[in-house]
$ cat upload_16.csv   # CSV, C-alpha atoms
chain,number,residue,atom,x,y,z
Q,1,MET,CA,-3.9,-25.1,-8.0
Q,2,GLN,CA,-4.2,-22.3,-10.5
Q,3,GLN,CA,-5.4,-19.2,-8.8
Q,4,ASN,CA,-6.1,-16.4,-11.1
Q,5,GLU,CA,-8.1,-14.3,-8.7
Q,6,TRP,CA,-7.0,-13.3,-5.2
Q,7,LEU,CA,-9.1,-14.6,-2.3
Q,8,LEU,CA,-11.9,-12.5,-0.9
Q,9,TRP,CA,-11.6,-11.4,2.8
Q,10,GLU,CA,-14.1,-9.8,5.1
Q,11,VAL,CA,-12.7,-7.0,7.1
Q,12,PHE,CA,-13.5,-6.1,10.7
Q,13,VAL,CA,-12.3,-2.8,12.3
Q,14,ARG,CA,-12.2,-1.8,15.9
Q,15,SER,CA,-12.6,1.9,15.9
Q,16,LYS,CA,-11.4,2.5,19.5
Q,17,ALA,CA,-9.9,0.4,22.2
Q,18,GLY,CA,-12.7,-1.3,24.2
Q,19,LEU,CA,-15.2,-1.3,21.3
Q,20,ASP,CA,-16.2,-4.3,19.2
Q,21,HIS,CA,-14.7,-5.1,15.9
Q,22,LYS,CA,-17.3,-4.1,13.3
Q,23,HIS,CA,-17.7,-5.4,9.8
Q,24,VAL,CA,-16.7,-2.7,7.3
Q,25,GLY,CA,-16.4,-4.5,4.0
Q,26,SER,CA,-14.3,-6.8,2.0
Q,27,ILE,CA,-11.0,-6.8,0.1
Q,28,HIS,CA,-9.0,-9.1,-2.1
Q,29,ALA,CA,-5.6,-10.5,-1.1
Q,30,SER,CA,-3.6,-13.6,-1.7
Q,31,ASP,CA,-3.0,-14.4,2.0
Q,32,ALA,CA,-3.7,-13.1,5.5
Q,33,ALA,CA,-0.7,-10.8,5.8
Q,34,MET,CA,-1.5,-9.1,2.6
Q,35,ALA,CA,-5.2,-9.0,3.6
Q,36,ILE,CA,-4.4,-7.0,6.7
Q,37,GLU,CA,-2.2,-4.6,4.8
Q,38,ASN,CA,-4.8,-4.1,2.1
Q,39,ALA,CA,-7.5,-3.6,4.7
Q,40,ARG,CA,-5.3,-1.0,6.4
Q,41,ASP,CA,-5.0,1.0,3.2
Q,42,VAL,CA,-8.6,0.7,2.2
Q,43,TYR,CA,-10.5,1.0,5.5
Q,44,THR,CA,-8.3,2.8,8.0
Q,45,ARG,CA,-6.7,5.6,6.1
Q,46,ARG,CA,-9.0,8.2,7.6
Q,47,GLN,CA,-8.2,7.2,11.2
Q,48,GLU,CA,-11.1,4.8,11.4
Q,49,GLY,CA,-9.5,2.2,13.5
Q,50,VAL,CA,-6.9,0.8,15.9
Q,51,SER,CA,-7.2,-2.9,15.2
Q,52,ILE,CA,-8.1,-5.0,12.1
Q,53,TRP,CA,-9.4,-8.5,11.8
Q,54,VAL,CA,-9.6,-10.3,8.5
Q,55,VAL,CA,-11.5,-13.5,7.8
Q,56,GLU,CA,-11.6,-15.4,4.6
Q,57,SER,CA,-15.0,-14.8,3.2
Q,58,ASN,CA,-15.5,-18.5,2.4
Q,59,GLN,CA,-15.0,-19.3,6.1
Q,60,ILE,CA,-18.2,-17.3,7.0
Q,61,HIS,CA,-21.3,-19.4,7.2
Q,62,ALA,CA,-24.5,-17.4,6.9
Q,63,SER,CA,-28.1,-18.0,7.5
Q,64,ASN,CA,-30.2,-18.3,4.5
Q,65,PRO,CA,-32.5,-15.4,3.7
Q,66,ALA,CA,-35.1,-17.9,2.5
Q,67,ASP,CA,-35.3,-19.3,6.1
Q,68,ALA,CA,-36.4,-15.9,7.5
Q,69,GLU,CA,-40.0,-17.0,7.9
Q,70,SER,CA,-39.1,-19.9,10.2
Q,71,PHE,CA,-36.1,-18.3,11.7
Q,72,TYR,CA,-37.3,-14.9,12.7
Q,73,GLU,CA,-41.0,-14.4,12.3
Q,74,PRO,CA,-42.1,-16.6,15.2
Q,75,MET,CA,-40.5,-14.0,17.5
Q,76,ASN,CA,-42.9,-11.2,16.3
Q,77,ASP,CA,-45.7,-12.3,18.6
Q,78,LYS,CA,-43.6,-13.2,21.7
Q,79,VAL,CA,-43.2,-9.9,23.3
Q,80,TYR,CA,-43.0,-11.6,26.7
Q,81,ARG,CA,-39.4,-12.4,25.8
Q,82,HIS,CA,-38.6,-8.8,26.3
Q,83,PRO,CA,-38.1,-7.7,29.9
Q,84,THR,CA,-40.2,-4.6,29.2
Q,85,PHE,CA,-43.2,-6.9,28.9
Q,86,TYR,CA,-43.4,-7.3,32.7
Q,87,ASP,CA,-44.7,-4.8,35.2
Q,88,LEU,CA,-42.2,-4.3,37.9
Q,89,PRO,CA,-43.1,-3.5,41.5
Q,90,ASP,CA,-42.4,0.2,42.3
Q,91,GLU,CA,-39.9,-0.7,45.0
Q,92,LEU,CA,-37.6,-2.1,42.3
Q,93,LYS,CA,-35.2,0.7,41.1
Q,94,HIS,CA,-32.5,0.7,38.6
Q,95,MET,CA,-33.8,-1.9,36.3
P,1,MET,CA,21.8,29.8,1.2
P,2,SER,CA,23.1,26.2,1.5
P,3,LEU,CA,20.4,25.2,3.9
P,4,GLU,CA,17.6,26.2,1.6
P,5,LYS,CA,19.3,24.2,-1.2
P,6,TYR,CA,19.6,21.2,1.0
P,7,VAL,CA,15.9,21.5,2.1
P,8,LEU,CA,14.9,21.9,-1.6
P,9,HIS,CA,16.8,18.7,-2.4
P,10,LEU,CA,14.8,16.8,0.2
P,11,ALA,CA,11.5,18.4,-1.0
P,12,ASP,CA,12.3,17.6,-4.7
P,13,ASN,CA,13.0,14.0,-3.9
P,14,ALA,CA,9.6,13.7,-2.2
P,15,LEU,CA,7.6,15.6,-4.8
P,16,ILE,CA,9.1,13.9,-7.9
P,17,TYR,CA,8.8,10.5,-6.3
P,18,SER,CA,5.2,11.1,-5.4
P,19,GLN,CA,4.4,12.3,-8.9
P,20,ARG,CA,5.7,9.1,-10.3
P,21,LEU,CA,3.7,7.0,-7.8
P,22,CYS,CA,0.6,9.0,-8.6
P,23,GLU,CA,0.9,7.7,-12.2
P,24,TRP,CA,-0.3,4.3,-10.9
P,25,CYS,CA,-3.6,5.8,-9.8
P,26,GLY,CA,-6.2,4.0,-11.7
P,27,HIS,CA,-3.7,1.6,-13.4
P,28,ALA,CA,-2.4,-0.6,-10.6
P,29,PRO,CA,-2.8,-4.4,-11.0
P,30,GLU,CA,-5.4,-4.7,-8.3
P,31,LEU,CA,-7.8,-2.2,-6.7
P,32,GLU,CA,-6.2,-2.7,-3.3
P,33,VAL,CA,-2.7,-2.1,-4.6
P,34,ASP,CA,-4.0,1.0,-6.4
P,35,ILE,CA,-5.2,2.5,-3.2
P,36,ALA,CA,-2.0,1.5,-1.3
P,37,ILE,CA,0.2,3.2,-3.8
P,38,SER,CA,-1.9,6.3,-3.9
P,39,ASN,CA,-1.7,6.4,-0.1
P,40,ILE,CA,2.0,6.2,-0.2
P,41,ALA,CA,2.2,8.9,-2.8
P,42,LEU,CA,0.1,11.1,-0.6
P,43,ASP,CA,2.5,10.5,2.3
P,44,HIS,CA,5.4,11.8,0.1
P,45,ILE,CA,3.4,14.8,-1.0
P,46,GLY,CA,2.8,15.6,2.6
P,47,ALA,CA,6.5,15.4,3.3
P,48,SER,CA,7.3,17.5,0.3
P,49,ARG,CA,4.9,20.2,1.4
P,50,SER,CA,6.6,20.3,4.8
P,51,PHE,CA,10.0,20.7,3.2
P,52,TYR,CA,8.8,23.3,0.6
P,53,GLN,CA,7.1,25.3,3.2
P,54,TYR,CA,10.2,25.4,5.3
P,55,ALA,CA,12.3,26.2,2.2
P,56,ALA,CA,9.9,29.0,1.3
P,57,THR,CA,10.4,30.7,4.7
P,58,LEU,CA,14.2,30.4,4.3
P,59,ILE,CA,14.1,31.9,0.8
P,60,GLY,CA,11.6,34.7,1.5
P,61,ASN,CA,11.0,37.0,-1.4
P,62,GLY,CA,7.4,35.8,-1.8
P,63,ALA,CA,8.4,32.2,-2.4
P,64,THR,CA,5.6,29.7,-1.6
P,65,GLU,CA,5.4,26.0,-1.5
P,66,ASP,CA,3.5,26.2,-4.8
P,67,SER,CA,5.9,28.5,-6.6
P,68,LEU,CA,8.8,26.1,-5.6
P,69,ALA,CA,7.0,23.0,-6.8
P,70,PHE,CA,5.3,24.4,-9.9
P,71,LEU,CA,7.4,27.2,-11.2
P,72,ARG,CA,11.0,26.1,-11.0
P,73,LYS,CA,12.8,24.7,-14.1
P,74,GLU,CA,14.2,21.3,-14.6
P,75,ARG,CA,17.8,22.3,-13.9
P,76,GLU,CA,16.7,23.8,-10.6
P,77,PHE,CA,15.3,20.5,-9.3
P,78,ALA,CA,17.8,18.7,-7.1
P,79,ASN,CA,16.2,15.3,-6.7
P,80,ILE,CA,18.2,12.2,-7.3
P,81,LEU,CA,17.8,10.4,-10.6
P,82,LEU,CA,16.3,7.3,-8.9
P,83,VAL,CA,13.0,8.9,-8.1
P,84,GLU,CA,12.4,10.3,-11.5
P,85,GLN,CA,12.9,7.0,-13.3
P,86,THR,CA,9.7,5.8,-15.1
P,87,ASN,CA,7.5,3.3,-13.3
P,88,GLY,CA,7.9,0.6,-15.9
P,89,ASN,CA,6.0,-2.5,-14.8
P,90,PHE,CA,4.9,-3.2,-11.2
P,91,ALA,CA,8.1,-5.0,-10.5
P,92,LYS,CA,10.2,-2.1,-11.5
P,93,THR,CA,8.2,0.3,-9.3
P,94,MET,CA,8.6,-2.1,-6.4
P,95,ALA,CA,12.3,-2.5,-7.0
P,96,ARG,CA,12.7,1.3,-7.1
P,97,ALA,CA,10.5,1.6,-4.0
P,98,LEU,CA,12.5,-0.9,-2.0
P,99,CYS,CA,15.8,0.9,-2.8
P,100,TYR,CA,14.3,4.3,-2.0
P,101,ASP,CA,12.3,3.3,1.1
P,102,THR,CA,15.2,1.5,2.7
P,103,PHE,CA,17.3,4.6,2.1
P,104,MET,CA,14.7,7.0,3.5
P,105,GLN,CA,14.3,4.9,6.6
P,106,LEU,CA,18.0,5.3,7.3
P,107,LEU,CA,18.1,8.9,6.3
P,108,TYR,CA,15.1,10.0,8.5
P,109,THR,CA,16.3,7.9,11.4
P,110,ALA,CA,19.6,9.8,11.3
P,111,MET,CA,18.0,13.1,10.5
P,112,LYS,CA,16.0,13.0,13.8
P,113,ASN,CA,19.2,14.1,15.4
P,114,SER,CA,19.7,17.0,13.0
P,115,LYS,CA,20.7,20.3,14.7
P,116,ASP,CA,18.0,21.9,12.6
P,117,GLU,CA,14.9,21.5,14.7
P,118,MET,CA,12.5,21.8,11.7
P,119,LEU,CA,14.3,19.0,9.8
P,120,ALA,CA,14.4,16.8,12.9
P,121,ALA,CA,10.7,17.2,13.4
P,122,ILE,CA,9.8,16.5,9.7
P,123,ALA,CA,12.1,13.4,9.9
P,124,GLU,CA,10.4,12.1,13.0
P,125,LYS,CA,6.9,12.4,11.5
P,126,SER,CA,7.9,11.0,8.1
P,127,LEU,CA,9.8,8.1,9.5
P,128,LYS,CA,6.5,6.4,10.7
P,129,GLU,CA,5.2,6.7,7.2
P,130,VAL,CA,8.3,5.4,5.6
P,131,ASN,CA,8.4,2.4,7.9
P,132,TYR,CA,5.1,1.4,6.3
P,133,HIS,CA,6.3,2.1,2.8
P,134,TYR,CA,9.3,-0.1,3.4
P,135,ARG,CA,7.0,-2.9,4.6
P,136,PHE,CA,4.9,-2.6,1.5
P,137,SER,CA,7.8,-2.6,-1.0
P,138,SER,CA,9.9,-5.2,0.7
P,139,GLU,CA,6.9,-7.6,1.0
P,140,TRP,CA,6.1,-7.2,-2.7
P,141,VAL,CA,9.7,-7.8,-3.7
P,142,ILE,CA,9.8,-10.9,-1.6
P,143,ARG,CA,6.4,-12.1,-2.9
P,144,LEU,CA,7.3,-11.6,-6.5
P,145,GLY,CA,10.9,-12.8,-6.2
P,146,ASP,CA,9.9,-15.9,-4.4
P,147,GLY,CA,6.8,-16.4,-6.5
P,148,THR,CA,6.3,-18.0,-9.9
P,149,PRO,CA,9.2,-18.4,-12.4
P,150,GLU,CA,7.7,-15.5,-14.3
P,151,SER,CA,7.4,-13.1,-11.4
P,152,LYS,CA,10.9,-14.0,-10.2
P,153,GLN,CA,12.4,-13.3,-13.6
P,154,LYS,CA,10.5,-9.9,-13.8
P,155,MET,CA,11.5,-9.0,-10.3
P,156,GLN,CA,15.2,-9.8,-11.0
P,157,THR,CA,15.1,-7.8,-14.3
P,158,ALA,CA,13.6,-4.9,-12.4
P,159,ILE,CA,16.2,-4.9,-9.6
P,160,ASP,CA,19.0,-5.1,-12.2
P,161,GLU,CA,17.5,-2.3,-14.2
P,162,ILE,CA,17.2,0.1,-11.3
P,163,TRP,CA,20.5,-0.8,-9.6
P,164,ASN,CA,22.9,1.7,-11.2
P,165,TYR,CA,20.6,4.6,-10.1
P,166,THR,CA,21.1,3.7,-6.4
P,167,GLY,CA,24.7,4.9,-6.0
P,168,GLU,CA,23.7,8.5,-6.2
P,169,MET,CA,21.9,8.3,-2.9
P,170,PHE,CA,25.2,8.0,-1.1
P,171,MET,CA,27.2,10.5,-3.2
P,172,LEU,CA,28.0,13.8,-1.4
P,173,SER,CA,27.2,17.1,-3.1
P,174,ASN,CA,29.0,20.2,-2.0
P,175,ILE,CA,25.7,21.1,-0.2
P,176,ASP,CA,25.7,17.8,1.6
P,177,THR,CA,29.2,18.2,2.8
P,178,GLU,CA,28.6,21.7,4.1
P,179,MET,CA,25.3,20.7,5.8
P,180,MET,CA,27.0,17.7,7.3
P,181,ALA,CA,29.8,19.8,8.7
P,182,ASN,CA,27.4,22.0,10.7
P,183,GLY,CA,25.3,19.0,11.9
P,184,VAL,CA,22.2,19.7,9.8
P,185,ALA,CA,22.5,16.8,7.4
P,186,PRO,CA,23.3,13.2,8.2
P,187,ASP,CA,26.4,11.6,6.7
P,188,ILE,CA,24.8,9.7,3.8
P,189,THR,CA,28.1,7.9,3.0
P,190,ALA,CA,27.7,6.2,6.4
P,191,LEU,CA,24.2,4.9,5.4
P,192,GLN,CA,25.5,2.9,2.5
P,193,ALA,CA,26.7,-0.2,4.4
P,194,PRO,CA,23.5,-0.6,6.5
P,195,TRP,CA,21.4,0.1,3.3
P,196,LEU,CA,23.2,-2.6,1.4
P,197,GLN,CA,22.9,-5.0,4.3
P,198,LYS,CA,19.1,-4.6,4.4
P,199,ILE,CA,18.8,-4.9,0.6
P,200,LYS,CA,20.8,-8.1,0.7
P,201,GLU,CA,18.6,-9.5,3.4
P,202,VAL,CA,15.4,-8.8,1.4
P,203,LEU,CA,16.8,-10.1,-1.9
P,204,ALA,CA,18.0,-13.2,-0.1
P,205,GLU,CA,14.5,-13.8,1.2
P,206,ALA,CA,13.2,-13.1,-2.2
P,207,THR,CA,15.6,-15.6,-3.7
P,208,LEU,CA,17.0,-12.9,-6.0
P,209,VAL,CA,20.5,-12.1,-6.9
P,210,LEU,CA,22.1,-8.9,-5.7
P,211,PRO,CA,23.3,-7.0,-8.8
P,212,GLU,CA,27.0,-6.2,-9.1
P,213,SER,CA,27.7,-2.7,-8.1
P,214,GLY,CA,29.6,-1.0,-11.0
P,215,TRP,CA,29.3,2.4,-12.5
P,216,MET,CA,26.5,4.5,-11.1
P,217,HIS,CA,24.5,7.3,-12.7
P,218,SER,CA,24.6,10.7,-11.0
P,219,GLY,CA,23.8,14.3,-11.6
P,220,GLY,CA,20.3,14.8,-10.3
P,221,LYS,CA,21.5,16.5,-7.1
P,222,ASN,CA,23.2,19.1,-9.3
P,223,GLY,CA,20.2,19.6,-11.6
P,224,VAL,CA,21.4,17.4,-14.4
P,225,HIS,CA,18.5,15.0,-15.0
P,226,SER,CA,17.6,12.1,-17.1
P,227,GLU,CA,15.5,12.4,-20.2
P,228,GLN,CA,12.3,11.4,-18.4
P,229,MET,CA,12.4,14.4,-16.0
P,230,GLY,CA,11.2,16.9,-18.6
P,231,PHE,CA,8.1,14.9,-19.4
P,232,LEU,CA,7.4,14.5,-15.7
P,233,LEU,CA,7.6,18.2,-15.1
P,234,ALA,CA,5.4,18.9,-18.1
P,235,ASP,CA,2.7,16.8,-16.5
P,236,LEU,CA,3.3,18.2,-13.1
P,237,GLN,CA,3.5,21.9,-14.0
P,238,TYR,CA,1.3,22.2,-17.0
P,239,MET,CA,-1.6,23.8,-15.3
P,240,GLN,CA,0.3,26.5,-13.6
P,241,ARG,CA,2.3,27.2,-16.7
P,242,ALA,CA,-0.8,27.4,-18.9
P,243,PHE,CA,-3.0,29.3,-16.4
P,244,PRO,CA,-0.6,31.2,-14.2
P,245,GLY,CA,-2.0,31.7,-10.7
P,246,ALA,CA,-4.9,29.4,-11.3
P,247,GLU,CA,-6.4,28.1,-8.0
P,248,TRP,CA,-8.4,25.1,-7.1
$ encode --input "upload_16.csv" --output "structure tokens"
Amino acid sequence: MQQNEWLLWEVFVRSKAGLDHKHVGSIHASDAAMAIENARDVYTRRQEGVSIWVVESNQIHASNPADAESFYEPMNDKVYRHPTFYDLPDELKHM
Amino acid sequence: MSLEKYVLHLADNALIYSQRLCEWCGHAPELEVDIAISNIALDHIGASRSFYQYAATLIGNGATEDSLAFLRKEREFANILLVEQTNGNFAKTMARALCYDTFMQLLYTAMKNSKDEMLAAIAEKSLKEVNYHYRFSSEWVIRLGDGTPESKQKMQTAIDEIWNYTGEMFMLSNIDTEMMANGVAPDITALQAPWLQKIKEVLAEATLVLPESGWMHSGGKNGVHSEQMGFLLADLQYMQRAFPGAEW
């Protein structure tokens, strides 16, 4: 296969041990090893992280923005799904 | 007197090499590679500052890291010829990088045991950086060597082109000999065999041919530089020469 452009990768960086990896951006690389090295140079050179994940961008399946109406809007009027909707008895502490 | 010359030699290697790498900024084949090379160049500038600052305290007389970097003349620079060689194409830059990074890894590893505490400390800090530089350059030599027929041919040409500038790394100057005797400088002649072994391994993985070692260029350590050096210094020093004392 003729590949003139490097693959696109999404980069996730863990800023400190114990925290989640967070999406920070994307980079180009021809394979995973190069992707990690490029991510290291582009996204962690100011001490932003202690761990890097890279995922080929075409492996990420995303929800469609056009679906927002059916996906998310029905939640707007269902406040009872939040625990704060319920009155708690005074005897209950530390909730 | 000899110590300051030895430290200047180390500083000059780092500065001149970083100046060369900086020329890639904005011109590398990919954005990511551009950033990586600039990062590496900044590591070398950092190392050169440590060495120049140390040299300045040894020299006294109002010398500063800036005066040493920007106001010395070509014949006063004691860097090896390898680091002043022009970048050429990306393959040549990576060939030069592999040869230099491999050497610096060995040099800094040995220098951690220097009797000079300052040099030992700079070596320890710089070694971590150089380990990454080596990873970057060796990976690229392997990728390009073991890549397409065109990339392989370019990589082989690059290694061949740079090869007879590598011998100088292991040639002892009078300063080296004196600093070795008092335990300040590592014995660079002892680094040649392990250096060659590592280069052989990388080239084998890259399916490239190790060039034959014949006659080697030398002179940089004694201030006798190749033609390119003057142009490099003109770039590097222009601002301080044109506007003496100008500050950022």
$ residues_around --input "upload_16.csv" --residues "segment 121-137 of chain P" --least-positions-apart "4" --cutoff "7 Å" --atoms "all atoms listed in the file" --output "PDB file with C-alpha atoms, keeping the file's coordinate frame"
ATOM      1  CA  ILE P  40       2.000   6.200  -0.200  1.00  0.00           C
ATOM      2  CA  ASP P  43       2.500  10.500   2.300  1.00  0.00           C
ATOM      3  CA  ALA P  47       6.500  15.400   3.300  1.00  0.00           C
ATOM      4  CA  SER P  50       6.600  20.300   4.800  1.00  0.00           C
ATOM      5  CA  MET P  94       8.600  -2.100  -6.400  1.00  0.00           C
ATOM      6  CA  ALA P  97      10.500   1.600  -4.000  1.00  0.00           C
ATOM      7  CA  LEU P  98      12.500  -0.900  -2.000  1.00  0.00           C
ATOM      8  CA  ASP P 101      12.300   3.300   1.100  1.00  0.00           C
ATOM      9  CA  THR P 102      15.200   1.500   2.700  1.00  0.00           C
ATOM     10  CA  MET P 104      14.700   7.000   3.500  1.00  0.00           C
ATOM     11  CA  GLN P 105      14.300   4.900   6.600  1.00  0.00           C
ATOM     12  CA  TYR P 108      15.100  10.000   8.500  1.00  0.00           C
ATOM     13  CA  THR P 109      16.300   7.900  11.400  1.00  0.00           C
ATOM     14  CA  MET P 111      18.000  13.100  10.500  1.00  0.00           C
ATOM     15  CA  LYS P 112      16.000  13.000  13.800  1.00  0.00           C
ATOM     16  CA  GLU P 117      14.900  21.500  14.700  1.00  0.00           C
ATOM     17  CA  VAL P 141       9.700  -7.800  -3.700  1.00  0.00           C
TER      18      VAL P 141
END
$ atom_distance --input "upload_16.csv" --atom1 "atom CA of Gly88 of chain P" --atom2 "atom CA of Asp160 of chain P"
13.0 Å
$ interface_residues --input "upload_16.csv" --of "chain P" --to "chain Q" --cutoff "8 Å" --atoms "all atoms listed in the file" --output "PyMOL selection string"
chain P and resi 32-33+35-36+39
$ write_last_selection --input "upload_16.csv" --atoms "C-alpha atoms" --output "PDB file, keeping the file's coordinate frame"
ATOM      1  CA  GLU P  32      -6.200  -2.700  -3.300  1.00  0.00           C
ATOM      2  CA  VAL P  33      -2.700  -2.100  -4.600  1.00  0.00           C
ATOM      3  CA  ILE P  35      -5.200   2.500  -3.200  1.00  0.00           C
ATOM      4  CA  ALA P  36      -2.000   1.500  -1.300  1.00  0.00           C
ATOM      5  CA  ASN P  39      -1.700   6.400  -0.100  1.00  0.00           C
TER       6      ASN P  39
END
$ atom_distance --input "upload_16.csv" --atom1 "atom CA of His23 of chain Q" --atom2 "atom CA of Glu48 of chain Q"
12.3 Å
$ residues_around --input "upload_16.csv" --residues "Leu172 of chain P" --least-positions-apart "6" --cutoff "12 Å" --atoms "all atoms listed in the file" --output "ChimeraX atom specification"
/P:6,80,178-181,185-192,218-222
$ atom_distance --input "upload_16.csv" --atom1 "atom CA of His9 of chain P" --atom2 "atom CA of Ser138 of chain P"
25.1 Å
$ decode --input "upload_16.csv" --residues "segment 29-87 of chain P" --atoms "C-alpha atoms" --output "PDB file, in the first residue's frame"
ATOM      1  CA  PRO P  29      10.422  16.770   6.944  1.00  0.00           C
ATOM      2  CA  GLU P  30       7.533  16.538   9.431  1.00  0.00           C
ATOM      3  CA  LEU P  31       6.233  18.896  12.093  1.00  0.00           C
ATOM      4  CA  GLU P  32       6.816  16.268  14.778  1.00  0.00           C
ATOM      5  CA  VAL P  33      10.416  15.733  13.670  1.00  0.00           C
ATOM      6  CA  ASP P  34      10.918  19.498  13.622  1.00  0.00           C
ATOM      7  CA  ILE P  35       9.908  19.709  17.261  1.00  0.00           C
ATOM      8  CA  ALA P  36      11.996  16.679  18.215  1.00  0.00           C
ATOM      9  CA  ILE P  37      15.169  18.052  16.631  1.00  0.00           C
ATOM     10  CA  SER P  38      14.643  21.459  18.202  1.00  0.00           C
ATOM     11  CA  ASN P  39      14.172  19.752  21.571  1.00  0.00           C
ATOM     12  CA  ILE P  40      17.433  17.911  21.128  1.00  0.00           C
ATOM     13  CA  ALA P  41      19.177  21.108  20.069  1.00  0.00           C
ATOM     14  CA  LEU P  42      17.934  22.792  23.240  1.00  0.00           C
ATOM     15  CA  ASP P  43      19.353  19.953  25.350  1.00  0.00           C
ATOM     16  CA  HIS P  44      22.749  20.583  23.780  1.00  0.00           C
ATOM     17  CA  ILE P  45      22.469  24.328  24.343  1.00  0.00           C
ATOM     18  CA  GLY P  46      21.716  23.555  27.980  1.00  0.00           C
ATOM     19  CA  ALA P  47      24.818  21.381  28.241  1.00  0.00           C
ATOM     20  CA  SER P  48      26.952  24.006  26.499  1.00  0.00           C
ATOM     21  CA  ARG P  49      25.762  26.655  28.967  1.00  0.00           C
ATOM     22  CA  SER P  50      26.779  24.476  31.906  1.00  0.00           C
ATOM     23  CA  PHE P  51      30.227  23.980  30.410  1.00  0.00           C
ATOM     24  CA  TYR P  52      30.690  27.635  29.408  1.00  0.00           C
ATOM     25  CA  GLN P  53      29.598  28.868  32.815  1.00  0.00           C
ATOM     26  CA  TYR P  54      32.118  26.547  34.433  1.00  0.00           C
ATOM     27  CA  ALA P  55      34.821  27.619  31.982  1.00  0.00           C
ATOM     28  CA  ALA P  56      34.028  31.282  32.696  1.00  0.00           C
ATOM     29  CA  THR P  57      34.611  30.801  36.420  1.00  0.00           C
ATOM     30  CA  LEU P  58      37.913  29.066  35.675  1.00  0.00           C
ATOM     31  CA  ILE P  59      39.049  31.777  33.290  1.00  0.00           C
ATOM     32  CA  GLY P  60      37.920  34.755  35.361  1.00  0.00           C
ATOM     33  CA  ASN P  61      38.894  38.163  33.946  1.00  0.00           C
ATOM     34  CA  GLY P  62      35.268  39.021  33.325  1.00  0.00           C
ATOM     35  CA  ALA P  63      34.664  36.074  30.982  1.00  0.00           C
ATOM     36  CA  THR P  64      31.024  35.027  30.747  1.00  0.00           C
ATOM     37  CA  GLU P  65      29.222  32.212  29.021  1.00  0.00           C
ATOM     38  CA  ASP P  66      28.138  34.723  26.389  1.00  0.00           C
ATOM     39  CA  SER P  67      31.583  36.147  25.726  1.00  0.00           C
ATOM     40  CA  LEU P  68      32.930  32.619  25.323  1.00  0.00           C
ATOM     41  CA  ALA P  69      30.194  31.602  22.910  1.00  0.00           C
ATOM     42  CA  PHE P  70      29.827  34.786  20.899  1.00  0.00           C
ATOM     43  CA  LEU P  71      33.166  36.568  20.945  1.00  0.00           C
ATOM     44  CA  ARG P  72      35.801  33.920  20.357  1.00  0.00           C
ATOM     45  CA  LYS P  73      37.283  33.444  16.905  1.00  0.00           C
ATOM     46  CA  GLU P  74      37.177  30.350  14.746  1.00  0.00           C
ATOM     47  CA  ARG P  75      40.700  29.214  15.640  1.00  0.00           C
ATOM     48  CA  GLU P  76      39.809  29.424  19.333  1.00  0.00           C
ATOM     49  CA  PHE P  77      36.957  26.933  19.007  1.00  0.00           C
ATOM     50  CA  ALA P  78      38.024  23.402  19.915  1.00  0.00           C
ATOM     51  CA  ASN P  79      35.007  21.399  18.770  1.00  0.00           C
ATOM     52  CA  ILE P  80      35.508  18.270  16.703  1.00  0.00           C
ATOM     53  CA  LEU P  81      34.950  18.532  12.959  1.00  0.00           C
ATOM     54  CA  LEU P  82      32.026  16.104  13.039  1.00  0.00           C
ATOM     55  CA  VAL P  83      29.652  18.498  14.810  1.00  0.00           C
ATOM     56  CA  GLU P  84      30.292  21.405  12.441  1.00  0.00           C
ATOM     57  CA  GLN P  85      29.556  19.384   9.287  1.00  0.00           C
ATOM     58  CA  THR P  86      26.587  20.703   7.362  1.00  0.00           C
ATOM     59  CA  ASN P  87      23.231  19.038   7.897  1.00  0.00           C
TER      60      ASN P  87
END
